[in-house]
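**Student:** The structure that follows is given in the form of structure tokens.
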Amino acid sequence: MVERTTIGPETEATGDPGAATEIRQRNVSGPDTWRQLVDESPDGVLLVRDGRIVYVNPALARMAGREVAELGGTVLADLVPSEHRVRHAELVEETLSGDARSRQMGSGRVVHLRRADESELPVEIALAPLVIDGRPTMLATVRDATAWRGREAERARLVQLLDLVPDSILVVDPRLQVVVDANHAATELLGYTEDELRGMPVRRLAALHDESPDHVAEGEVLLTDGSQLHGQRLATRDGSVVDCEVHASLVEDPDHGPLLVNVVRDVGERLALEMRLRESEESFRTTFEQAPVGIGLLERDEADGGPLRVLRTNRALDEMLGYAAGELVGADIAVLRAPEDRLVSAAQRAQAETDRPDRTVIRRYRRRDGSVLWAEVRVSMLDLPVPGQYYLVHAVDVSTRVAAERELRRDSIVNRAVAEVSRAALEDQPEEDILTLLADGVAEAIDADGVAVLLMGDSDEPSARWVGASGPRAVDLIERVDAAGRELLVESATTAVGAMSGWATAIGAEEPDIGPVLLVPLGESSSDPHGLVAACRGQGASALSIEDDHRVTRMVTQAQVAVRLARARAAEARLAVLEERQRIARDLHDTVIQDVIAVGMQISADVDVESDPRRQVRDLEKVAQLEAAARNLRRAVFELRATVRRTSTAAEVTETVSEASRVLGHFPLLTIAGPVDDLPPDLVDDVIAVLREALSNVARHARATHSAVSLSVDSDAVILVVEDDGVGPEGAAGGCYGLANLKDRAGRHGGHVEVAGLPDAGTRVIWTCPRQAPFNNP
């Protein structure tokens with residue numbers, strides 16, 4: 001049983017402990033209902049008279065951490081922390097004074113209750129002054145304010161945060177349709193202070209005469225719930241109207257019940273911008289369609305990096321490319337690529353299509369009818385808030401300008417090529433180098449993918465040979481001309497007027513890797529030099545024009561003059577060398593050799609009259625040495641008189657054998673078989689040198705009375721055989737017949753030398769090497 005304190009006129013709190021005990025032991029008189037109500041109240045209840053507690057209920061005892069009996073008669077100040085007692089005494093005095101009014105719970109004033117363990121409990125107190133038994137008494141209702149205080153602190157922090165939000169926030173009570181709270185941004189937007197907005201009916205914020213279908217009705221201003229954005233027009237304090245975008249959410253507040261939180265954003269500038277944007281789009285649409293230059297909008301799917309596709313084109317671009325309106329929409333721009341650009345890899349095309357955005361380039365494109373145009377194109381990447389990559393393309397047809405510039409460039413290339421060919425001739429460069437310069441110039445001047453120069457020999461050596469080539473398709477072009485018959489082509493080119501067009505068409509049609517072919521004769525059949533210049537473009541390329549023919553002809557004419565000059569200078573040089581060699585040989589033969597022979601004859605005559613045998617032997621050795629010296633000199637004369645190749649290989653071999661017969665004392669048997677005149681010059685030079693060396697060895701060492709020379713050429717090898725009936729390799733003076741030089745010359749061509757004795761007597765030298773092709777393909 002909880003003890004209860006009875007308050008009556010006979011009871012007075014004097015502060016006497018005995019009196020307090022008496023109060024605690026007496027029962028409180030009154031209705032049971034009142035006692036039950038007070039005992040079960042969740043709030044603490046106490047009566048205070050003269051600064052002492054005369055009654056407490058169990059709830060207050062629990063708050064103070066004490067028993068009810070402990071609190072009876074206790075000085076009220078004991079329940080107040082020491083730092084708050086002065087203010088507390090003033091509050092009690094104010095409450096008990098005659099002018100004091102009741103102080104309701106929830107007025108915001110929080111005091112602290114000192115508990116038995118010296119801790120402090122924040123509480124909210126409702127005070128009411130009473131007169132009981134004629135004595136002033138204070139009735140206090142105490143409520144634990146811990147949770148309320150936490151909510152208030154949280155609310156304060158939330159208010160601070162909301163004031164930092166740039167958007168306006170208006171909290172509305174949907175039941176009362178009034179503004180409960182607003183942040184600082186809302187006051188700036190509407191022109192009201194926070195105190196003015198709190199409690200303001202929301203209908204005062206509605207803009208009148210709002211006929212826009214995009215906004216909610218006037219009665220629903222700031223009262224529309226939902227997560228979607230909706231437009232509203234709000235009236236400010238100065239009467240102006242603000243276009244707003246509102247996002248409303250219904251929340252449940254533990255203290256106030258349901259509240260509608262409206263996040264309001266001023267979209268007036270955005271709406272004005274959208275209006276200007278619509279006007280700009282209309283202006284752009286008009287400009288796009290009526291622009292005098294071609295304009296197109298392209299799209300590429302950024303996810304898969306696919307092809308560029310056409311989204312839209314204007315009339316000028318459609319007319320430029322020869323398409324009907326809307327026909328290009330959705331098409332891959334690859335259909336617009338010129339045939340010459342189809343060999344470019346997919347990666348290179350993708351890079352070229354969007355390379356260097358916001359820059360102007362000039363590229364080839366294909367019209368609907370297949371013709372090619374040149375366009376000056378500017379590609380700009382658009383930064384749009386949608387997936388994918390978008391490009392705006394401006395195109396101007398510059399085919400006429402490009403054609404004129406190309407003509408000028410090609411003429412400049414022709415002039416430069418002619419100058420280079422002339423300079424090469426003046427610098428005594430070989431004709432092969434001159435004709436290679438010609439091939440390079442032709443390839444650059446007419447945009448050819450392959451150029452080759454075919455040169456015919458003279459009347460003694462009529463075979464044709466390739467002497468210059470340029471471009472990646474030169475090998476394919478040479479193979480096709482060889483298949484058609486190079487000699488026949490040259491004969492047609494240098495004799496029959498107009499025969500080249502038919503040959504060119506046939507060659508281009510039979511070779512799938514090459515396209516249009518141009519054949520230009522190099523001189524006439526009776527001129528020196530004469531031959532053929534062949535040029536081609538790739539498969540699918542544009543045809544070679546009459547202007548291209550004229551340019552090539554101009555360069556070929558200059559090259560022919562340069563080759564003639566080079567040949568004349570080479571002939572003069574060879575003649576000078578030959579004359580000098582002949583002079584030296586004549587001097588050796590007419591003076592030195594004759595003097596050596598005369599000395600030898602004198603010594604031989606002295607031997608016959610010499611009586612001393614030892615001196616005879618010594619003089620005979622001197623005679624032998626002089627004879628060897630005479631033979632060496634004759635060999636040197638023989639080699640000096642050897643001429644460079646003047647006519648055919650067969651004629652040169654014959655002349656070399658004829659000259660050697662003077663030293664040998666007999667004319668060797670000569671046999672020539674096979675196409676010896678088709679051998680390349682470097683191989684012919686080595687064949688002649690080996691033949692001369694072998695015949696010299698026979699003259700010096702073999703002491704032969706007969707010899708034979710055989711030169712045979714087949715499709716695989718060149719074989720030179722020199723035989724004699726002399727003493728054989730074992731009995732020859734000097735032993736190895738000077739094989740080192742022969743082996744070196746054979747090794748240069750991948751060949752070998754064999755030296756063997758014959759069954760009866762004599763020696764056979766076999767010099768063999770592979771036959772080389774007249775032209776090494778580039």
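Please note that chains go A, B, ... in the order of the structure tokens, that every chain numbers its residues from 1, and that ligands are numbered from 1 in the order shown.
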Would you please extract all helix (DSSP H, G or I) residues from segment 598-774 of chain A, as assigned by DSSP on the backbone, and give them as an MDAnalysis selection string?
**Tutor:** chainID A and resid 598:609 613:641 649:664 676:678 681:702 728:731 739:748
**Student:** Leaving out segment 670-687 of chain A and any residue of its chain fewer than 3 positions from it, which residues lie within 7 Å of it when counting only C-alpha atoms, given as a PyMOL selection string?
**Tutor:** chain A and resi 461+463+648-650+690-691+708-714+745+774
**Student:** Taking 3 positions as the minimum chain separation for residues in the same chain, which residues sit within 12 Å of Ala403 of chain A when counting only C-alpha atoms? Answer as a list of chain:residue names.
**Tutor:**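 My reading of the contact set: A:Arg364, A:Val372, A:Leu373, A:Trp374, A:Ala375, A:Asp397, A:Val398, A:Ser399, A:Thr400, A:Arg406, A:Glu407, A:Leu408, A:Arg409, A:Arg410.
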**Student:** Please produce an output containing all heavy atoms for each residue in the selection, written as a short mmCIF file (atom, residue, chain, number, x, y, z; two decimals), in the first residue's frame.
**Tutor:**
data_model
loop_
_atom_site.label_atom_id
_atom_site.label_comp_id
_atom_site.auth_asym_id
_atom_site.auth_seq_id
_atom_site.Cartn_x
_atom_site.Cartn_y
_atom_site.Cartn_z
N ARG A 364 36.67 12.67 -100.82
CA ARG A 364 35.89 12.21 -101.97
C ARG A 364 34.62 11.51 -101.50
O ARG A 364 34.64 10.76 -100.52
CB ARG A 364 36.72 11.24 -102.81
CG ARG A 364 37.86 11.87 -103.55
CD ARG A 364 38.66 10.86 -104.31
NE ARG A 364 39.35 9.93 -103.44
CZ ARG A 364 40.27 9.06 -103.82
NH1 ARG A 364 40.59 8.99 -105.10
NH2 ARG A 364 40.85 8.27 -102.96
N VAL A 372 31.85 10.69 -108.84
CA VAL A 372 32.61 11.09 -107.66
C VAL A 372 32.62 12.60 -107.55
O VAL A 372 32.79 13.30 -108.57
CB VAL A 372 34.06 10.55 -107.71
CG1 VAL A 372 34.88 11.07 -106.55
CG2 VAL A 372 34.04 9.03 -107.70
N LEU A 373 32.42 13.10 -106.35
CA LEU A 373 32.55 14.53 -106.11
C LEU A 373 33.51 14.76 -104.94
O LEU A 373 33.69 13.89 -104.09
CB LEU A 373 31.19 15.17 -105.81
CG LEU A 373 30.47 14.82 -104.50
CD1 LEU A 373 30.90 15.72 -103.36
CD2 LEU A 373 28.96 14.94 -104.67
N TRP A 374 34.10 15.93 -104.95
CA TRP A 374 34.95 16.35 -103.85
C TRP A 374 34.19 17.37 -103.02
O TRP A 374 33.58 18.29 -103.55
CB TRP A 374 36.25 16.97 -104.36
CG TRP A 374 37.21 15.94 -104.88
CD1 TRP A 374 37.28 15.45 -106.13
CD2 TRP A 374 38.23 15.28 -104.13
NE1 TRP A 374 38.28 14.52 -106.23
CE2 TRP A 374 38.89 14.40 -105.01
CE3 TRP A 374 38.66 15.37 -102.81
CZ2 TRP A 374 39.95 13.61 -104.61
CZ3 TRP A 374 39.72 14.57 -102.41
CH2 TRP A 374 40.35 13.70 -103.30
N ALA A 375 34.19 17.18 -101.71
CA ALA A 375 33.46 18.07 -100.81
C ALA A 375 34.37 18.54 -99.69
O ALA A 375 35.19 17.78 -99.18
CB ALA A 375 32.23 17.37 -100.23
N ASP A 397 30.37 21.45 -102.13
CA ASP A 397 30.92 20.80 -103.32
C ASP A 397 32.07 21.65 -103.86
O ASP A 397 31.89 22.80 -104.28
CB ASP A 397 29.83 20.66 -104.37
CG ASP A 397 30.29 19.82 -105.56
OD1 ASP A 397 31.50 19.52 -105.64
OD2 ASP A 397 29.45 19.46 -106.40
N VAL A 398 33.29 21.08 -103.81
CA VAL A 398 34.48 21.79 -104.29
C VAL A 398 35.15 20.99 -105.41
O VAL A 398 36.36 21.09 -105.60
CB VAL A 398 35.47 22.05 -103.13
CG1 VAL A 398 34.90 23.02 -102.12
CG2 VAL A 398 35.86 20.73 -102.43
N SER A 399 34.34 20.22 -106.14
CA SER A 399 34.91 19.38 -107.19
C SER A 399 35.64 20.20 -108.24
O SER A 399 36.74 19.84 -108.69
CB SER A 399 33.81 18.54 -107.85
OG SER A 399 33.18 17.70 -106.91
N THR A 400 35.05 21.34 -108.65
CA THR A 400 35.69 22.17 -109.66
C THR A 400 37.00 22.73 -109.15
O THR A 400 38.03 22.71 -109.85
CB THR A 400 34.75 23.33 -110.06
OG1 THR A 400 33.51 22.78 -110.53
CG2 THR A 400 35.38 24.18 -111.13
N ARG A 406 44.23 20.12 -108.75
CA ARG A 406 44.91 18.89 -109.13
C ARG A 406 45.66 19.07 -110.44
O ARG A 406 46.79 18.58 -110.59
CB ARG A 406 43.90 17.75 -109.24
CG ARG A 406 44.52 16.44 -109.68
CD ARG A 406 43.52 15.31 -109.68
NE ARG A 406 43.06 15.02 -108.34
CZ ARG A 406 42.16 14.07 -108.06
NH1 ARG A 406 41.63 13.36 -109.03
NH2 ARG A 406 41.81 13.85 -106.81
N GLU A 407 45.04 19.78 -111.38
CA GLU A 407 45.72 20.02 -112.64
C GLU A 407 47.00 20.82 -112.41
O GLU A 407 48.06 20.51 -112.97
CB GLU A 407 44.79 20.76 -113.61
CG GLU A 407 43.59 19.95 -114.05
CD GLU A 407 43.99 18.67 -114.75
OE1 GLU A 407 44.88 18.72 -115.63
OE2 GLU A 407 43.43 17.61 -114.43
N LEU A 408 46.92 21.84 -111.58
CA LEU A 408 48.10 22.63 -111.28
C LEU A 408 49.16 21.78 -110.58
O LEU A 408 50.36 21.88 -110.88
CB LEU A 408 47.71 23.82 -110.40
CG LEU A 408 46.87 24.91 -111.08
CD1 LEU A 408 46.47 25.97 -110.07
CD2 LEU A 408 47.63 25.54 -112.24
N ARG A 409 48.71 20.96 -109.64
CA ARG A 409 49.67 20.13 -108.91
C ARG A 409 50.34 19.13 -109.85
O ARG A 409 51.55 18.90 -109.77
CB ARG A 409 48.96 19.39 -107.77
CG ARG A 409 49.88 18.53 -106.93
CD ARG A 409 49.11 17.82 -105.84
NE ARG A 409 48.14 16.88 -106.38
CZ ARG A 409 48.43 15.62 -106.70
NH1 ARG A 409 49.67 15.17 -106.56
NH2 ARG A 409 47.50 14.81 -107.17
N ARG A 410 49.54 18.52 -110.71
CA ARG A 410 50.12 17.54 -111.63
C ARG A 410 51.09 18.20 -112.60
O ARG A 410 52.15 17.63 -112.92
CB ARG A 410 49.01 16.82 -112.38
CG ARG A 410 48.22 15.86 -111.49
CD ARG A 410 47.14 15.16 -112.27
NE ARG A 410 46.49 14.13 -111.48
CZ ARG A 410 45.47 13.39 -111.91
NH1 ARG A 410 45.00 13.56 -113.14
NH2 ARG A 410 44.94 12.46 -111.12
#
**Student:** Residues near Arg149 of chain A, anyone? I mean within 10 Å using only C-alpha atoms, not counting same-chain ones fewer than 2 positions away, as a list in words.
**Tutor:**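 In the requested form, the answer reads Gly108, Val110, Pro122, Val123, Glu124, Asp144, Ala145, Thr146, Ala147, Arg151, Glu152, Ala153, Glu154 and Arg155 of chain A.
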**Student:** So that I can check the surroundings of His550 of chain A, please list as a PyMOL selection string every protein, DNA and RNA residue that reaches within 12 Å of it, counting only C-alpha atoms and ignoring chain neighbours fewer than 3 positions away.
**Tutor:** chain A and resi 410-411+414+442+445-446+518-521+544-547+553-557
**Student:** Can I get the selection written as an mmCIF file, in the first residue's frame, with C-alpha atoms?
**Tutor:**
data_model
loop_
_atom_site.group_PDB
_atom_site.id
_atom_site.type_symbol
_atom_site.label_atom_id
_atom_site.label_comp_id
_atom_site.auth_asym_id
_atom_site.auth_seq_id
_atom_site.Cartn_x
_atom_site.Cartn_y
_atom_site.Cartn_z
ATOM 1 C CA ARG A 410 50.123 17.543 -111.626
ATOM 2 C CA ASP A 411 51.661 20.108 -113.981
ATOM 3 C CA VAL A 414 55.565 17.007 -114.380
ATOM 4 C CA VAL A 442 54.680 9.325 -113.844
ATOM 5 C CA ALA A 445 51.732 12.951 -111.800
ATOM 6 C CA ILE A 446 48.744 10.782 -112.777
ATOM 7 C CA LEU A 518 47.855 3.552 -119.968
ATOM 8 C CA LEU A 519 50.604 2.585 -122.471
ATOM 9 C CA VAL A 520 52.852 5.316 -123.894
ATOM 10 C CA PRO A 521 55.642 4.578 -126.421
ATOM 11 C CA LEU A 544 43.142 7.620 -117.145
ATOM 12 C CA SER A 545 42.380 10.689 -119.239
ATOM 13 C CA ILE A 546 43.798 12.274 -122.372
ATOM 14 C CA GLU A 547 45.440 14.865 -120.128
ATOM 15 C CA THR A 553 54.203 11.761 -123.125
ATOM 16 C CA ARG A 554 55.911 15.009 -122.125
ATOM 17 C CA MET A 555 57.937 13.272 -119.404
ATOM 18 C CA VAL A 556 58.766 10.336 -121.692
ATOM 19 C CA THR A 557 60.066 12.674 -124.396
#
